[in-house]
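Step one of this worksheet: look at the structure below.
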Amino acid sequence: MIAAALTLALAAAGGRLAEAVKVEPALRGALEANVTRLNATTFAHLGEAHAQAPCQCTPSSPSWAKCARVEPACVFIDLGAADGNSFNAFLTGAYGPLQNCPSGKWMAFLVEANPRFNAPLAGEQAKWKQAVHVMSSTAAFACEGTTTFYLDTTNHAQNYWGSSMSPNHVDAKSSGLQAVVVNLMNLNRLLFEQTIPADWVMVKMDIEGAEWDVVPCLAKSDAASLIDRLYMEKHPGDLTLFGTTQADMDLAETSLKQRGVDIPQYYSDTL
């Protein structure tokens, strides 16, 4: 996954990254060659048409343009970016020291569905120019299109953290199911078109239940091997739109780990 491969170690406090060290490329290659990958047919039923799903799982497409960038970098993909608070934590080294990034370079993709955060995210993009790419009023998912997105309007101290694609979310319900229509982005496409094997790729995923749909679809995609570390906050399984079961999710996580994706425990009070 990495040409001049990095291994980031978790710091003892808060499960955050402390440092990055180089690993021989052959080591990762040998690991990926020797692990037994779960066959894609294991997940064949996932992402099929479902009553609440806005679209079907799309692991790949011949229409996608492979990333042509040559110089490696740290790539921080923030799914559920809110007002940019996780991104700012990334800048201060909370996800690993930036000086250890390949080529000393970094870039970030900030994806957020709640239109409440359009203005602050636009400010981050204006501040960092080409290094930051913002997808506002856009929900992270496993396919593209549009969807109904339910707003949390009550949890002010937690940055309205309960906004969700699922009408089953307790905070969406307590907010009266106030909804907006937003775009959908496909994580698999973003990985394929914006990252390269020599990058150190971090995905922070706090998407209020949509992880139950995104992760199994990710496990079906070759692009998943481009991820080095997945920071995933898990929410109740009844928020799935694809009908993913716990067994499905467990198999998907096992498949990703076998392909070299590190999935540490992750939780934040507000991010």
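In the structure tokens, chains take the letters A, B, ... in the order shown, each chain's residues start at 1, and ligands count up from 1 in the order shown.
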
Quick one: everything within 12 Å of Ala122 (chain A), counting only C-alpha atoms, minus sequence neighbours fewer than 6 positions away in the same chain. Send it as number ranges by chain. A: 81-84, 110-112, 115-116, 128-129, 132-137

Using C-alpha atoms, can you write the selected residues to a file as an mmCIF file, in the first residue's frame?
```cif
data_model
loop_
_atom_site.group_PDB
_atom_site.id
_atom_site.type_symbol
_atom_site.label_atom_id
_atom_site.label_comp_id
_atom_site.auth_asym_id
_atom_site.auth_seq_id
_atom_site.Cartn_x
_atom_site.Cartn_y
_atom_site.Cartn_z
ATOM 1 C CA ALA A 81 -16.244 16.675 8.884
ATOM 2 C CA ALA A 82 -18.684 18.928 10.793
ATOM 3 C CA ASP A 83 -17.100 22.402 11.060
ATOM 4 C CA GLY A 84 -13.571 21.102 10.468
ATOM 5 C CA LEU A 110 -13.598 17.160 4.080
ATOM 6 C CA VAL A 111 -17.030 15.615 3.482
ATOM 7 C CA GLU A 112 -20.062 16.867 5.390
ATOM 8 C CA PRO A 115 -25.567 22.430 5.425
ATOM 9 C CA ARG A 116 -25.071 24.128 8.809
ATOM 10 C CA TRP A 128 -5.543 26.082 2.774
ATOM 11 C CA LYS A 129 -6.186 26.470 -0.974
ATOM 12 C CA VAL A 132 -7.985 21.067 1.232
ATOM 13 C CA HIS A 133 -10.897 19.803 -0.835
ATOM 14 C CA VAL A 134 -14.387 20.332 0.596
ATOM 15 C CA MET A 135 -17.571 18.464 -0.296
ATOM 16 C CA SER A 136 -20.330 20.409 1.461
ATOM 17 C CA SER A 137 -23.957 19.316 1.665
#
```

Could you list, as a PyMOL selection string, every residue within 10 Å of Met185 (chain A), counting only C-alpha atoms and ignoring same-chain residues fewer than 2 positions away? chain A and resi 111+135+138-146+182-183+187-190

Could you pull out the strand (DSSP E or B) residues of region 60-201 of chain A from DSSP and send them as a PyMOL selection string? chain A and resi 74-79+106-112+132-136+138-141+145-150+164+179-186+200-201

From the set A:Leu79, A:Ala172, A:Cys74, A:Cys55, which residue has the shortest atom-to-atom contact distance to Ile196 (chain A), counting only C-alpha atoms?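 Counting only C-alpha atoms, the residue closest to Ile196 (chain A) is A:Cys74.
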
Neighbouring residues of Trp106 (chain A) were defined as those with any atom within 7 Å, considering only C-alpha atoms; residues of the same chain fewer than 3 positions away were excluded. Please report them as number ranges by chain. A: 73-75, 101, 131

Quick one: everything within 12 Å of Lys173 (chain A), counting only C-alpha atoms, minus sequence neighbours fewer than 6 positions away in the same chain. Send it as a short mmCIF file (atom, residue, chain, number, x, y, z; two decimals) with N, CA, C and O atoms, in the first residue's frame.
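The resulting selection_4.cif:
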```
data_model
loop_
_atom_site.label_atom_id
_atom_site.label_comp_id
_atom_site.auth_asym_id
_atom_site.auth_seq_id
_atom_site.Cartn_x
_atom_site.Cartn_y
_atom_site.Cartn_z
N TYR A 150 -31.39 13.67 7.46
CA TYR A 150 -32.16 14.12 8.62
C TYR A 150 -31.26 14.88 9.60
O TYR A 150 -30.20 14.40 9.99
N LEU A 151 -31.69 16.07 9.98
CA LEU A 151 -30.86 16.98 10.77
C LEU A 151 -31.09 16.81 12.26
O LEU A 151 -32.23 16.69 12.73
N ASP A 152 -30.00 16.81 13.00
CA ASP A 152 -30.04 16.92 14.45
C ASP A 152 -30.04 18.43 14.75
O ASP A 152 -29.08 19.13 14.42
N THR A 153 -31.08 18.90 15.38
CA THR A 153 -31.17 20.33 15.69
C THR A 153 -31.12 20.59 17.19
O THR A 153 -31.32 21.73 17.63
N THR A 154 -30.85 19.56 17.99
CA THR A 154 -30.94 19.69 19.44
C THR A 154 -29.61 19.59 20.18
O THR A 154 -29.45 20.18 21.25
N GLY A 162 -25.92 14.10 15.77
CA GLY A 162 -26.85 13.03 15.44
C GLY A 162 -27.51 13.15 14.08
O GLY A 162 -28.45 12.41 13.78
N SER A 163 -27.05 14.06 13.23
CA SER A 163 -27.61 14.16 11.88
C SER A 163 -27.27 12.89 11.11
O SER A 163 -26.15 12.39 11.19
N SER A 164 -28.22 12.37 10.34
CA SER A 164 -28.04 11.03 9.77
C SER A 164 -28.86 10.84 8.50
O SER A 164 -29.88 11.49 8.30
N MET A 165 -28.42 9.89 7.67
CA MET A 165 -29.21 9.48 6.52
C MET A 165 -30.39 8.61 6.94
O MET A 165 -31.34 8.44 6.18
N SER A 166 -30.33 8.07 8.15
CA SER A 166 -31.37 7.15 8.60
C SER A 166 -32.45 7.87 9.41
O SER A 166 -32.14 8.58 10.39
N PRO A 167 -33.72 7.65 9.08
CA PRO A 167 -34.80 8.24 9.88
C PRO A 167 -34.96 7.52 11.23
O PRO A 167 -35.76 7.95 12.06
N ALA A 179 -35.64 17.41 7.47
CA ALA A 179 -34.81 16.82 6.42
C ALA A 179 -34.43 17.83 5.34
O ALA A 179 -35.15 18.79 5.07
#
```

Residues near Met232 (chain A), cut-off 7 Å, only C-alpha atoms, skip fewer than 6 positions along chain, as number ranges by chain: A: 204-206, 266

As an MDAnalysis selection string, which residues of region 122-220 of chain A does DSSP assign to helix (DSSP H, G or I)? chainID A and resid 122:131 170:174 187:194 211:219

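For the set A:Leu177, A:Ala219, A:Ile227, A:Ala113, the residue with the smallest atom-to-atom gap to Gly80 (chain A) is A:Ala113, counting only C-alpha atoms.
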
Who sits within 8 Å of Leu239 (chain A), only C-alpha atoms, same chain under 6 positions skipped, as a PyMOL selection string: chain A and resi 166-169+208-210+212

Residues within 8 Å of Phe192 (chain A), only C-alpha atoms, excluding chain neighbours under 6 positions, as a count of residues only: 5

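Note that the spacing between CA of Ser103 (chain A) and CA of Asp199 (chain A) amounts to 9.5 Å.
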
For Glu233 (chain A), which of A:Glu124, A:Glu211, A:Glu193, A:Glu71 is the closest residue, counting only C-alpha atoms?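 Checking each of A:Glu124, A:Glu211, A:Glu193, A:Glu71 against Glu233 (chain A), counting only C-alpha atoms, the winner is A:Glu211.
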
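Note that the spacing between CA of Phe87 (chain A) and CA of Ala108 (chain A) amounts to 7.8 Å.
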